[in-house]
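Colleague: You'll find target31.cif just under this line, and it carries mmCIF, C-alpha atoms.
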```cif
data_protein
loop_
_atom_site.label_atom_id
_atom_site.label_comp_id
_atom_site.auth_asym_id
_atom_site.auth_seq_id
_atom_site.Cartn_x
_atom_site.Cartn_y
_atom_site.Cartn_z
CA MET A 1 14.43 30.87 -14.07
CA THR A 2 17.24 28.78 -15.52
CA LYS A 3 16.38 26.97 -18.74
CA SER A 4 18.09 23.94 -20.20
CA PRO A 5 19.91 24.58 -23.48
CA THR A 6 18.14 23.68 -26.71
CA LEU A 7 19.17 20.29 -28.07
CA SER A 8 20.70 19.91 -31.50
CA SER A 9 18.05 19.37 -34.16
CA LYS A 10 17.33 15.88 -35.42
CA ASP A 11 18.23 17.05 -38.94
CA PHE A 12 21.68 18.14 -37.72
CA LEU A 13 22.29 14.84 -35.94
CA GLU A 14 21.13 12.84 -38.96
CA SER A 15 23.37 14.84 -41.30
CA SER A 16 26.32 14.25 -38.92
CA VAL A 17 25.65 10.51 -38.99
CA ARG A 18 25.43 10.37 -42.79
CA PHE A 19 28.53 12.52 -43.18
CA ALA A 20 30.49 10.19 -40.89
CA LEU A 21 29.27 7.04 -42.67
CA ASP A 22 30.21 8.43 -46.08
CA HIS A 23 33.63 9.51 -44.81
CA ALA A 24 34.24 6.07 -43.24
CA LEU A 25 33.71 4.40 -46.63
CA LEU A 26 36.05 6.94 -48.25
CA CYS A 27 38.69 6.09 -45.62
CA GLY A 28 38.60 2.40 -46.47
CA ALA A 29 35.92 0.95 -44.17
CA THR A 30 33.75 -1.74 -45.70
CA ALA A 31 30.94 -1.09 -43.19
CA ALA A 32 30.27 1.25 -40.28
CA SER A 33 27.76 2.27 -37.64
CA VAL A 34 27.49 5.67 -35.95
CA GLU A 35 25.59 7.06 -32.97
CA VAL A 36 25.29 10.78 -32.22
CA GLN A 37 23.65 11.98 -29.02
CA ASP A 38 22.86 15.28 -27.36
CA GLU A 39 21.62 15.44 -23.75
CA SER A 40 21.05 18.14 -21.17
CA GLY A 41 20.10 17.81 -17.54
CA LEU A 42 19.80 19.23 -14.07
CA ASN A 43 20.89 17.51 -10.87
CA ILE A 44 20.28 18.99 -7.41
CA THR A 45 20.92 17.63 -3.94
CA VAL A 46 19.73 19.23 -0.71
CA ARG A 47 21.00 18.08 2.67
CA ASN A 48 19.52 19.30 5.95
CA LEU A 49 17.58 21.87 3.89
CA ASP A 50 20.76 23.42 2.45
CA VAL A 51 21.81 23.05 -1.20
CA GLU A 52 24.73 20.65 -1.44
CA THR A 53 24.95 20.07 -5.19
CA LEU A 54 23.63 22.02 -8.20
CA GLU A 55 24.72 20.77 -11.61
CA HIS A 56 23.62 21.72 -15.08
CA THR A 57 24.89 19.16 -17.59
CA ARG A 58 25.21 19.20 -21.36
CA ASP A 59 26.74 16.20 -23.07
CA ARG A 60 27.25 15.70 -26.77
CA SER A 61 28.80 12.49 -28.02
CA PHE A 62 29.77 10.95 -31.33
CA SER A 63 30.85 7.30 -31.56
CA ILE A 64 31.68 5.20 -34.58
CA THR A 65 32.48 1.54 -35.14
CA VAL A 66 34.03 0.64 -38.47
CA TYR A 67 34.70 -2.72 -40.10
CA VAL A 68 37.49 -3.30 -42.55
CA GLY A 69 36.55 -6.76 -43.67
CA LYS A 70 36.39 -8.65 -40.36
CA ARG A 71 38.59 -6.19 -38.48
CA ARG A 72 36.86 -3.80 -36.14
CA GLY A 73 37.81 -0.38 -34.76
CA SER A 74 35.96 2.15 -32.62
CA ALA A 75 36.52 5.78 -31.64
CA SER A 76 34.51 8.60 -30.06
CA THR A 77 34.51 12.34 -29.46
CA GLY A 78 32.38 15.04 -27.84
CA ASP A 79 32.95 17.48 -30.71
CA LEU A 80 30.37 17.31 -33.50
CA SER A 81 32.21 19.58 -35.95
CA GLU A 82 33.00 18.08 -39.36
CA SER A 83 36.74 18.33 -38.76
CA SER A 84 36.46 16.44 -35.46
CA ILE A 85 34.21 13.80 -37.01
CA LYS A 86 36.74 13.27 -39.81
CA LYS A 87 39.57 12.80 -37.31
CA THR A 88 37.49 10.38 -35.23
CA VAL A 89 36.47 8.34 -38.26
CA LYS A 90 40.09 8.15 -39.41
CA ALA A 91 41.15 7.04 -35.92
CA ALA A 92 38.59 4.21 -35.94
CA VAL A 93 39.75 3.02 -39.37
CA ASP A 94 43.40 3.14 -38.23
CA ILE A 95 42.54 1.13 -35.11
CA ALA A 96 40.80 -1.50 -37.24
CA GLY A 97 44.06 -1.92 -39.15
CA TYR A 98 45.76 -3.13 -35.97
CA THR A 99 43.08 -5.51 -34.71
CA SER A 100 42.81 -9.21 -35.44
CA GLU A 101 40.16 -10.55 -37.76
CA ASP A 102 37.02 -11.68 -35.97
CA PRO A 103 34.72 -13.95 -38.03
CA PHE A 104 31.72 -12.88 -35.95
CA ALA A 105 32.23 -9.13 -36.34
CA GLY A 106 29.96 -7.01 -38.54
CA LEU A 107 26.67 -5.20 -38.83
CA PRO A 108 23.31 -6.96 -38.33
CA ASP A 109 21.57 -8.51 -41.30
CA LYS A 110 19.63 -5.80 -43.13
CA SER A 111 16.40 -7.81 -42.82
CA GLU A 112 16.60 -7.54 -39.02
CA LEU A 113 16.68 -3.74 -38.89
CA CYS A 114 13.71 -1.69 -37.71
CA VAL A 115 11.88 -0.25 -40.73
CA LYS A 116 9.17 1.89 -39.10
CA PRO A 117 9.87 2.76 -35.43
CA GLU A 118 6.82 3.02 -33.20
CA ASP A 119 6.32 6.24 -31.23
CA LEU A 120 6.44 5.12 -27.59
CA SER A 121 6.03 8.56 -25.97
CA LEU A 122 9.48 8.42 -24.40
CA CYS A 123 10.19 12.16 -24.14
CA HIS A 124 8.43 14.38 -21.60
CA PRO A 125 10.64 17.33 -20.67
CA TRP A 126 10.34 18.77 -17.17
CA SER A 127 10.16 22.56 -17.42
CA ILE A 128 11.62 23.14 -13.99
CA SER A 129 14.00 25.81 -12.74
CA SER A 130 16.84 25.24 -10.31
CA GLU A 131 14.85 27.12 -7.67
CA GLU A 132 11.80 24.90 -8.17
CA ALA A 133 13.92 21.73 -8.02
CA ILE A 134 15.54 22.93 -4.79
CA GLU A 135 12.11 23.55 -3.31
CA ILE A 136 10.97 20.02 -4.25
CA CYS A 137 14.05 18.56 -2.55
CA LYS A 138 13.36 20.60 0.57
CA ARG A 139 9.71 19.51 0.65
CA SER A 140 10.69 15.85 0.52
CA GLU A 141 13.44 16.16 3.09
CA LYS A 142 11.28 18.25 5.44
CA ALA A 143 8.48 15.67 5.25
CA ALA A 144 11.01 13.04 6.33
CA LEU A 145 12.60 15.12 9.10
CA ASP A 146 9.21 16.14 10.49
CA ALA A 147 7.87 12.58 10.51
CA ASP A 148 9.22 11.67 13.95
CA PRO A 149 11.65 13.14 16.53
CA ARG A 150 13.78 10.01 16.08
CA ILE A 151 14.68 11.14 12.54
CA VAL A 152 17.91 12.86 13.54
CA ASN A 153 19.79 13.47 10.31
CA SER A 154 19.59 13.42 6.53
CA GLU A 155 21.74 11.85 3.86
CA GLY A 156 20.13 14.20 1.37
CA SER A 157 17.26 14.64 -1.04
CA ASN A 158 17.84 14.66 -4.78
CA VAL A 159 16.04 15.71 -7.95
CA SER A 160 17.50 14.76 -11.30
CA THR A 161 16.07 15.47 -14.73
CA SER A 162 17.46 14.97 -18.23
CA VAL A 163 16.25 15.12 -21.80
CA GLY A 164 18.10 13.84 -24.82
CA ARG A 165 18.03 13.12 -28.52
CA PHE A 166 20.02 10.56 -30.45
CA VAL A 167 20.37 9.25 -33.98
CA LEU A 168 21.80 5.86 -34.92
CA GLY A 169 22.85 4.98 -38.44
CA ASN A 170 24.80 2.39 -40.41
CA THR A 171 25.97 1.71 -43.94
CA LEU A 172 23.05 -0.68 -44.53
CA GLY A 173 20.81 2.37 -44.89
CA PHE A 174 19.40 2.53 -41.37
CA CYS A 175 19.24 6.06 -39.91
CA ASN A 176 16.82 6.79 -37.10
CA GLY A 177 16.51 7.84 -33.48
CA PHE A 178 14.17 9.30 -30.91
CA ASP A 179 13.96 11.78 -28.07
CA TYR A 180 13.91 10.58 -24.48
CA SER A 181 13.67 11.85 -20.91
CA HIS A 182 14.49 10.52 -17.44
CA HIS A 183 13.36 12.10 -14.18
CA SER A 184 13.95 10.96 -10.61
CA MET A 185 13.55 11.93 -6.96
CA ASP A 186 15.00 10.29 -3.86
CA THR A 187 15.46 10.96 -0.17
CA SER A 188 17.54 9.25 2.51
CA VAL A 189 17.38 9.94 6.25
CA ILE A 190 18.72 8.49 9.49
CA ALA A 191 16.70 7.45 12.53
CA GLU A 192 18.21 6.89 15.98
CA ASP A 193 17.16 5.39 19.29
CA ASP A 194 19.02 4.05 22.33
CA ASN A 195 20.10 0.98 20.37
CA GLY A 196 21.70 2.79 17.45
CA MET A 197 20.99 4.31 14.03
CA GLN A 198 19.26 3.07 10.89
CA GLU A 199 19.03 4.59 7.43
CA GLY A 200 15.87 4.73 5.34
CA PHE A 201 15.65 5.49 1.64
CA TRP A 202 12.97 5.86 -1.03
CA TYR A 203 12.90 6.99 -4.64
CA ASP A 204 10.94 7.16 -7.86
CA THR A 205 11.99 7.30 -11.52
CA LYS A 206 9.78 8.08 -14.49
CA VAL A 207 9.84 9.12 -18.15
CA ASP A 208 7.00 11.61 -17.51
CA PRO A 209 7.56 13.93 -14.51
CA LYS A 210 3.80 14.20 -13.95
CA GLU A 211 3.81 10.53 -12.92
CA LEU A 212 6.44 10.90 -10.19
CA LEU A 213 5.38 10.28 -6.61
CA SER A 214 4.93 13.44 -4.55
CA PRO A 215 8.00 14.76 -2.70
CA GLU A 216 6.14 14.42 0.60
CA PHE A 217 5.30 10.76 -0.05
CA ILE A 218 8.93 9.94 -0.86
CA GLY A 219 10.12 11.74 2.29
CA ARG A 220 7.60 10.06 4.58
CA LYS A 221 8.34 6.64 3.04
CA ALA A 222 12.08 7.11 3.63
CA ALA A 223 11.40 8.07 7.24
CA GLN A 224 9.05 5.13 7.79
CA ARG A 225 11.66 2.68 6.47
CA ALA A 226 14.32 4.11 8.80
CA LEU A 227 12.03 4.12 11.84
CA SER A 228 10.81 0.58 11.22
CA MET A 229 14.36 -0.77 11.51
CA LEU A 230 15.20 0.79 14.90
CA SER A 231 16.24 -1.63 17.66
CA ALA A 232 16.86 -4.34 15.08
CA LYS A 233 17.98 -7.75 16.33
CA THR A 234 20.08 -10.45 14.76
CA LEU A 235 19.00 -14.05 14.21
CA SER A 236 20.60 -17.35 15.01
CA THR A 237 21.72 -19.26 11.92
CA ARG A 238 18.83 -21.20 10.40
CA GLU A 239 17.03 -22.28 7.25
CA CYS A 240 13.61 -20.74 6.72
CA PRO A 241 11.20 -19.36 4.12
CA VAL A 242 12.21 -15.93 2.81
CA ILE A 243 10.23 -13.17 1.14
CA PHE A 244 12.09 -10.62 -0.97
CA ASP A 245 9.95 -7.48 -0.90
CA ALA A 246 9.07 -5.76 -4.19
CA LEU A 247 12.20 -3.59 -4.04
CA THR A 248 14.75 -6.34 -3.35
CA ALA A 249 12.97 -8.83 -5.64
CA LYS A 250 13.96 -6.63 -8.59
CA GLY A 251 17.52 -7.79 -7.91
CA LEU A 252 16.58 -11.42 -8.57
CA LEU A 253 15.06 -10.44 -11.92
CA ARG A 254 18.21 -8.48 -12.84
CA LEU A 255 20.38 -11.47 -12.00
CA PHE A 256 18.28 -13.73 -14.22
CA ALA A 257 18.60 -11.26 -17.11
CA SER A 258 22.36 -11.06 -16.61
CA ALA A 259 22.72 -14.84 -16.48
CA VAL A 260 21.04 -15.32 -19.86
CA SER A 261 22.69 -12.37 -21.60
CA GLY A 262 24.81 -13.16 -24.62
CA SER A 263 28.12 -11.88 -23.27
CA GLN A 264 27.88 -14.17 -20.22
CA LEU A 265 26.76 -17.14 -22.29
CA TYR A 266 29.33 -17.16 -25.07
CA ARG A 267 32.12 -16.69 -22.53
CA LYS A 268 30.75 -19.68 -20.59
CA LEU A 269 30.48 -17.49 -17.49
CA SER A 270 26.86 -18.24 -16.58
CA PHE A 271 25.28 -20.93 -14.44
CA LEU A 272 22.48 -20.88 -17.04
CA ASN A 273 24.64 -21.86 -20.02
CA ASP A 274 22.68 -24.11 -22.41
CA SER A 275 19.44 -23.45 -20.51
CA LEU A 276 17.25 -22.79 -23.57
CA GLU A 277 14.06 -24.88 -23.40
CA LYS A 278 14.96 -26.01 -19.90
CA LYS A 279 12.85 -25.43 -16.81
CA ILE A 280 14.52 -23.17 -14.24
CA PHE A 281 11.44 -21.58 -12.62
CA PRO A 282 8.26 -23.28 -11.35
CA GLU A 283 5.67 -23.88 -14.06
CA PHE A 284 3.44 -21.06 -12.80
CA VAL A 285 6.08 -18.37 -13.53
CA THR A 286 6.20 -16.28 -16.71
CA ILE A 287 8.67 -13.51 -17.48
CA GLU A 288 7.52 -11.22 -20.27
CA GLU A 289 9.70 -8.75 -22.14
CA ASN A 290 7.82 -5.80 -23.63
CA PRO A 291 9.78 -3.06 -25.42
CA PHE A 292 6.62 -1.23 -26.47
CA VAL A 293 5.19 0.06 -23.18
CA LYS A 294 4.17 3.70 -23.63
CA LYS A 295 6.35 5.89 -21.37
CA GLY A 296 8.16 2.74 -20.25
CA TYR A 297 11.53 3.27 -18.62
CA GLY A 298 12.93 0.33 -20.57
CA SER A 299 11.04 0.89 -23.82
CA ALA A 300 12.55 1.33 -27.28
CA PRO A 301 11.44 0.48 -30.83
CA PHE A 302 14.90 -0.84 -31.73
CA ASP A 303 18.11 -1.83 -29.98
CA ASP A 304 21.57 -0.23 -29.97
CA GLU A 305 22.26 -1.71 -33.42
CA GLY A 306 18.96 -0.63 -35.01
CA VAL A 307 17.53 -4.17 -34.82
CA GLN A 308 13.76 -4.37 -34.42
CA ALA A 309 12.65 -5.01 -30.85
CA HIS A 310 10.14 -7.79 -30.11
CA LYS A 311 7.59 -8.49 -27.39
CA ARG A 312 8.01 -12.05 -26.13
CA ASN A 313 8.06 -14.39 -23.14
CA VAL A 314 11.62 -15.19 -22.11
CA ILE A 315 10.24 -17.55 -19.46
CA GLU A 316 7.04 -19.48 -20.19
CA ASP A 317 5.65 -22.13 -17.83
CA GLY A 318 8.98 -21.86 -16.00
CA ILE A 319 10.94 -22.75 -19.15
CA VAL A 320 13.63 -20.56 -20.76
CA LYS A 321 12.31 -19.51 -24.17
CA GLY A 322 14.90 -16.92 -25.10
CA TYR A 323 18.19 -15.24 -24.29
CA PHE A 324 19.18 -11.56 -24.52
CA LEU A 325 21.42 -11.42 -27.58
CA SER A 326 23.14 -8.79 -29.69
CA THR A 327 24.25 -9.53 -33.23
CA TYR A 328 27.76 -10.38 -32.09
CA SER A 329 26.82 -12.60 -29.14
CA ALA A 330 24.20 -14.37 -31.26
CA ARG A 331 26.76 -15.20 -33.94
CA LYS A 332 29.18 -16.46 -31.30
CA LEU A 333 26.45 -18.81 -30.07
CA GLY A 334 25.32 -19.86 -33.56
CA MET A 335 21.96 -18.13 -33.04
CA LYS A 336 20.06 -15.03 -34.24
CA THR A 337 20.01 -11.67 -32.50
CA THR A 338 17.03 -11.09 -30.22
CA GLY A 339 17.27 -7.31 -30.63
CA ASN A 340 18.82 -6.86 -27.20
CA ALA A 341 22.06 -5.04 -27.98
CA GLY A 342 22.09 -2.70 -24.98
CA GLY A 343 20.30 -5.08 -22.63
CA ALA A 344 16.80 -6.14 -21.65
CA TYR A 345 13.72 -4.01 -22.18
CA ASN A 346 10.81 -3.97 -19.71
CA LEU A 347 10.74 -7.32 -17.88
CA TYR A 348 7.64 -8.46 -15.97
CA LEU A 349 7.70 -11.49 -13.66
CA LYS A 350 4.20 -12.90 -13.30
CA ALA A 351 2.64 -15.82 -11.45
CA ARG A 352 -0.55 -17.66 -12.33
CA PRO A 353 -3.58 -17.71 -10.01
CA GLY A 354 -3.04 -20.03 -7.09
CA HIS A 355 0.50 -18.71 -6.72
CA ARG A 356 -0.34 -15.01 -6.83
CA GLU A 357 -1.35 -12.96 -3.79
CA ASN A 358 -2.99 -9.55 -3.98
CA SER A 359 -0.73 -7.88 -1.40
CA LEU A 360 2.43 -8.27 0.66
CA GLU A 361 0.26 -8.87 3.73
CA ALA A 362 -1.39 -11.83 2.00
CA LEU A 363 2.04 -13.18 1.04
CA LEU A 364 3.18 -12.87 4.68
CA ASN A 365 0.14 -14.86 5.75
CA ARG A 366 0.94 -17.48 3.16
CA MET A 367 4.52 -17.76 4.46
CA GLY A 368 3.48 -17.94 8.11
CA THR A 369 6.88 -17.87 9.80
CA GLY A 370 10.08 -16.71 8.13
CA LEU A 371 12.14 -13.71 7.03
CA LEU A 372 10.98 -10.64 5.09
CA VAL A 373 13.95 -9.01 3.33
CA THR A 374 13.67 -5.29 2.63
CA SER A 375 17.28 -4.26 2.02
CA MET A 376 20.37 -5.92 0.55
CA ILE A 377 24.04 -5.20 1.30
CA GLY A 378 27.11 -6.11 -0.74
CA GLN A 379 27.64 -7.81 -4.09
CA GLY A 380 28.20 -11.46 -3.17
CA VAL A 381 26.87 -13.10 -6.33
CA ASN A 382 28.84 -15.40 -8.64
CA LEU A 383 27.01 -15.65 -11.96
CA THR A 384 29.33 -18.42 -13.16
CA THR A 385 28.30 -20.81 -10.38
CA GLY A 386 25.05 -19.17 -9.26
CA ASP A 387 26.30 -18.93 -5.68
CA TYR A 388 24.50 -16.18 -3.77
CA SER A 389 25.56 -14.68 -0.43
CA ARG A 390 24.60 -11.16 0.57
CA GLY A 391 24.07 -9.14 3.70
CA ALA A 392 20.45 -8.31 4.41
CA LYS A 393 18.04 -6.38 6.59
CA GLY A 394 14.37 -6.96 7.12
CA PHE A 395 11.84 -8.37 9.57
CA TRP A 396 11.19 -11.63 11.36
CA VAL A 397 7.64 -12.85 10.78
CA GLU A 398 5.55 -15.28 12.80
CA ASN A 399 1.99 -16.40 11.99
CA GLY A 400 1.95 -13.90 9.13
CA GLN A 401 2.69 -10.94 11.41
CA ILE A 402 5.90 -8.88 11.60
CA GLN A 403 7.49 -9.39 15.01
CA TYR A 404 10.68 -7.29 14.99
CA PRO A 405 13.31 -5.80 12.65
CA VAL A 406 16.39 -7.86 11.79
CA ASP A 407 19.91 -6.66 10.92
CA GLY A 408 23.42 -8.13 10.77
CA ILE A 409 22.44 -11.25 8.83
CA THR A 410 23.53 -12.92 5.60
CA ILE A 411 21.28 -14.89 3.29
CA ALA A 412 22.88 -17.58 1.17
CA GLY A 413 21.92 -20.08 -1.49
CA ASN A 414 22.32 -20.83 -5.17
CA LEU A 415 20.35 -18.87 -7.77
CA ARG A 416 19.31 -22.02 -9.62
CA ASP A 417 17.77 -23.39 -6.42
CA MET A 418 16.33 -19.99 -5.52
CA PHE A 419 14.57 -19.57 -8.85
CA ALA A 420 13.17 -23.11 -8.62
CA SER A 421 11.94 -22.60 -5.04
CA ILE A 422 9.62 -19.65 -5.75
CA GLU A 423 6.26 -20.45 -4.15
CA ALA A 424 4.23 -17.28 -4.78
CA VAL A 425 4.40 -13.66 -5.96
CA ALA A 426 2.46 -10.66 -4.64
CA ASP A 427 0.74 -8.00 -6.76
CA ASP A 428 2.71 -5.13 -5.20
CA ALA A 429 5.26 -4.32 -7.90
CA ILE A 430 7.04 -0.96 -7.79
CA ASP A 431 6.96 0.70 -11.22
CA SER A 432 10.25 2.58 -11.05
CA ASP A 433 12.49 1.04 -13.72
CA ASN A 434 12.47 -1.70 -16.37
CA TYR A 435 12.32 -4.59 -13.86
CA LEU A 436 8.81 -5.22 -12.59
CA THR A 437 7.99 -7.90 -10.05
CA GLY A 438 6.04 -8.07 -6.85
CA SER A 439 7.35 -9.48 -3.59
CA ILE A 440 8.58 -13.07 -4.05
CA LEU A 441 8.24 -15.94 -1.55
CA LEU A 442 10.98 -18.58 -1.63
CA SER A 443 10.38 -21.86 0.19
CA LYS A 444 13.75 -21.97 1.94
CA LEU A 445 17.09 -20.16 2.21
CA LYS A 446 19.97 -20.30 4.64
CA VAL A 447 20.12 -17.31 6.99
CA ALA A 448 23.42 -16.80 8.81
CA GLY A 449 23.35 -14.65 11.92
CA SER A 450 24.90 -14.72 15.38
#
```
Output the file's structure as structure tokens, nothing else.
Modeller:
Amino acid sequence: MTKSPTLSSKDFLESSVRFALDHALLCGATAASVEVQDESGLNITVRNLDVETLEHTRDRSFSITVYVGKRRGSASTGDLSESSIKKTVKAAVDIAGYTSEDPFAGLPDKSELCVKPEDLSLCHPWSISSEEAIEICKRSEKAALDADPRIVNSEGSNVSTSVGRFVLGNTLGFCNGFDYSHHSMDTSVIAEDDNGMQEGFWYDTKVDPKELLSPEFIGRKAAQRALSMLSAKTLSTRECPVIFDALTAKGLLRLFASAVSGSQLYRKLSFLNDSLEKKIFPEFVTIEENPFVKKGYGSAPFDDEGVQAHKRNVIEDGIVKGYFLSTYSARKLGMKTTGNAGGAYNLYLKARPGHRENSLEALLNRMGTGLLVTSMIGQGVNLTTGDYSRGAKGFWVENGQIQYPVDGITIAGNLRDMFASIEAVADDAIDSDNYLTGSILLSKLKVAGS
């Protein structure tokens, strides 16, 4: 059995951080922040029941940002020896000497730092050998290949597991960190009939490996998605109601988070500039951010600057109540950090009763006739204007019933209009990352086909 290497102790990482901070001040920095991380992992891919990839990884990293007055410099290394840390610190200070002064640069206010981090149960190592991981991949892929004779090939089955430890510190006295783990499985296969081929994919990602879906379920789900798309048709160009299933609806939530992130806002590159306290969703929609979910994929007691995280509603009654801001972006906007250096935590899109259905089937019945989208293609989104145009696959629905699969279409609209046109949300969310929403029904979108 192959075992992952032992991670550096927390005491060692903390001493490295403090050593670097002290040396930065000796080198002329007026303030500094340091992050040290140690991570190990295993990544295995099986294709057609043969091992295609087997990787053991071990990554150590040291990064420092120094401030000399309002000048900023950063440097990094993978060597945690004292001599390497000294050289890296000196490099950061030298770089700061060549940069322009930035009035918004600097560490967070000390009062905003996390004082007592909550234990969120974010580290659950997977004691798995390479041989066991290979067997899991084979089980998933075999379940997919055996599902139907029309499953003719595989794009592979993957198991990935990693565990890490990090410590973050700064010259304001903050020095803390936590252990974490990420585990995932996925399988992708190809189905074929007389009308061509279709690919089907499924996956799961968790902090605790005991909570992963079974390999057989993932394989069968991938096969079912491929088979369901066989003999797909195109559609004539039209406007119609559209449902984004629970998987593709995550993309809408990601786009909202990106549009109200500080870096987009202070650069004036978002269609949601100056949207605070303005209604952009229907009044029945709430989007909650919760950093404190136990074993949550997007959980953390503090952000990448050590700022205390907060549970809050970023959308309430359809109204924007908050942005996602780091210290720097907040200062650029004349606001306070929201503790989101590093991005959003766990986001949950919810709908009030009357606009919430208990299943995708109920949402299809509510829509009646329209398009169910189950897969997106391409990156045709302009966050500056909100224009949205992406290739899609899915199913045509009439009277609440799926009629046939659809391929070769493009759906187009504007995100501002799309957010405002949400009619209902299903309770079928897929808990596989930090974006949680059920299937979403939009009243109308343009569908371009043949």
Colleague: Just so the selection is clear, what residues does the PyMOL selection byres ((chain A and resi 379-386) around 10) cover here, as number ranges by chain?
Modeller: A: 255-256, 258-260, 264-265, 267-273, 376-378, 387-391, 412-418
Colleague: So that I have them on file, write out the residues from the current selection with C-alpha atoms, as a PDB file, in the coordinates of the input.
Modeller:
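Here's the written file part20.pdb:
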```
ATOM      1  CA  LEU A 255      20.380 -11.470 -12.000  1.00  0.00           C
ATOM      2  CA  PHE A 256      18.280 -13.730 -14.220  1.00  0.00           C
ATOM      3  CA  SER A 258      22.360 -11.060 -16.610  1.00  0.00           C
ATOM      4  CA  ALA A 259      22.720 -14.840 -16.480  1.00  0.00           C
ATOM      5  CA  VAL A 260      21.040 -15.320 -19.860  1.00  0.00           C
ATOM      6  CA  GLN A 264      27.880 -14.170 -20.220  1.00  0.00           C
ATOM      7  CA  LEU A 265      26.760 -17.140 -22.290  1.00  0.00           C
ATOM      8  CA  ARG A 267      32.120 -16.690 -22.530  1.00  0.00           C
ATOM      9  CA  LYS A 268      30.750 -19.680 -20.590  1.00  0.00           C
ATOM     10  CA  LEU A 269      30.480 -17.490 -17.490  1.00  0.00           C
ATOM     11  CA  SER A 270      26.860 -18.240 -16.580  1.00  0.00           C
ATOM     12  CA  PHE A 271      25.280 -20.930 -14.440  1.00  0.00           C
ATOM     13  CA  LEU A 272      22.480 -20.880 -17.040  1.00  0.00           C
ATOM     14  CA  ASN A 273      24.640 -21.860 -20.020  1.00  0.00           C
ATOM     15  CA  MET A 376      20.370  -5.920   0.550  1.00  0.00           C
ATOM     16  CA  ILE A 377      24.040  -5.200   1.300  1.00  0.00           C
ATOM     17  CA  GLY A 378      27.110  -6.110  -0.740  1.00  0.00           C
ATOM     18  CA  ASP A 387      26.300 -18.930  -5.680  1.00  0.00           C
ATOM     19  CA  TYR A 388      24.500 -16.180  -3.770  1.00  0.00           C
ATOM     20  CA  SER A 389      25.560 -14.680  -0.430  1.00  0.00           C
ATOM     21  CA  ARG A 390      24.600 -11.160   0.570  1.00  0.00           C
ATOM     22  CA  GLY A 391      24.070  -9.140   3.700  1.00  0.00           C
ATOM     23  CA  ALA A 412      22.880 -17.580   1.170  1.00  0.00           C
ATOM     24  CA  GLY A 413      21.920 -20.080  -1.490  1.00  0.00           C
ATOM     25  CA  ASN A 414      22.320 -20.830  -5.170  1.00  0.00           C
ATOM     26  CA  LEU A 415      20.350 -18.870  -7.770  1.00  0.00           C
ATOM     27  CA  ARG A 416      19.310 -22.020  -9.620  1.00  0.00           C
ATOM     28  CA  ASP A 417      17.770 -23.390  -6.420  1.00  0.00           C
ATOM     29  CA  MET A 418      16.330 -19.990  -5.520  1.00  0.00           C
TER      30      MET A 418
END
```
Colleague: Could you state which residues are captured by the PyMOL selection byres ((chain A and resi 81) around 12) in this file, as a PDB file with C-alpha atoms, in the coordinates of the input?
Modeller:
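Written output follows (expr_20.pdb):
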```
ATOM      1  CA  PHE A  12      21.680  18.140 -37.720  1.00  0.00           C
ATOM      2  CA  LEU A  13      22.290  14.840 -35.940  1.00  0.00           C
ATOM      3  CA  SER A  15      23.370  14.840 -41.300  1.00  0.00           C
ATOM      4  CA  SER A  16      26.320  14.250 -38.920  1.00  0.00           C
ATOM      5  CA  VAL A  17      25.650  10.510 -38.990  1.00  0.00           C
ATOM      6  CA  PHE A  19      28.530  12.520 -43.180  1.00  0.00           C
ATOM      7  CA  ALA A  20      30.490  10.190 -40.890  1.00  0.00           C
ATOM      8  CA  VAL A  36      25.290  10.780 -32.220  1.00  0.00           C
ATOM      9  CA  ARG A  60      27.250  15.700 -26.770  1.00  0.00           C
ATOM     10  CA  SER A  61      28.800  12.490 -28.020  1.00  0.00           C
ATOM     11  CA  PHE A  62      29.770  10.950 -31.330  1.00  0.00           C
ATOM     12  CA  THR A  77      34.510  12.340 -29.460  1.00  0.00           C
ATOM     13  CA  GLY A  78      32.380  15.040 -27.840  1.00  0.00           C
ATOM     14  CA  ASP A  79      32.950  17.480 -30.710  1.00  0.00           C
ATOM     15  CA  LEU A  80      30.370  17.310 -33.500  1.00  0.00           C
ATOM     16  CA  GLU A  82      33.000  18.080 -39.360  1.00  0.00           C
ATOM     17  CA  SER A  83      36.740  18.330 -38.760  1.00  0.00           C
ATOM     18  CA  SER A  84      36.460  16.440 -35.460  1.00  0.00           C
ATOM     19  CA  ILE A  85      34.210  13.800 -37.010  1.00  0.00           C
ATOM     20  CA  LYS A  86      36.740  13.270 -39.810  1.00  0.00           C
ATOM     21  CA  LYS A  87      39.570  12.800 -37.310  1.00  0.00           C
ATOM     22  CA  THR A  88      37.490  10.380 -35.230  1.00  0.00           C
TER      23      THR A  88
END
```
Colleague: Just give me the gap between CA of Asp148 in chain A and CA of Trp202 in chain A in Å, one decimal is fine.
Modeller: 16.5 Å
Colleague: Using only C-alpha atoms, find the one residue out of A:Arg352, A:Arg312, A:Arg58, A:Lys210 that sits nearest to Glu283 in chain A.
Modeller: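 When distances to Glu283 in chain A are compared using only C-alpha atoms, the smallest one comes from A:Arg352.
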Colleague: One number please: CA of Pro282 in chain A to CA of Ile319 in chain A, in Å, one decimal.
Modeller: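 About the pair CA of Pro282 in chain A and CA of Ile319 in chain A: they are 8.3 Å apart.
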Colleague: So that I can see what lies close to Ser111 in chain A, please list as number ranges by chain the residues with an atom at most 10 Å from it, counting only C-alpha atoms and leaving out residues fewer than 2 positions away in the same chain.
Modeller: A: 108-109, 113-115, 172, 307-308
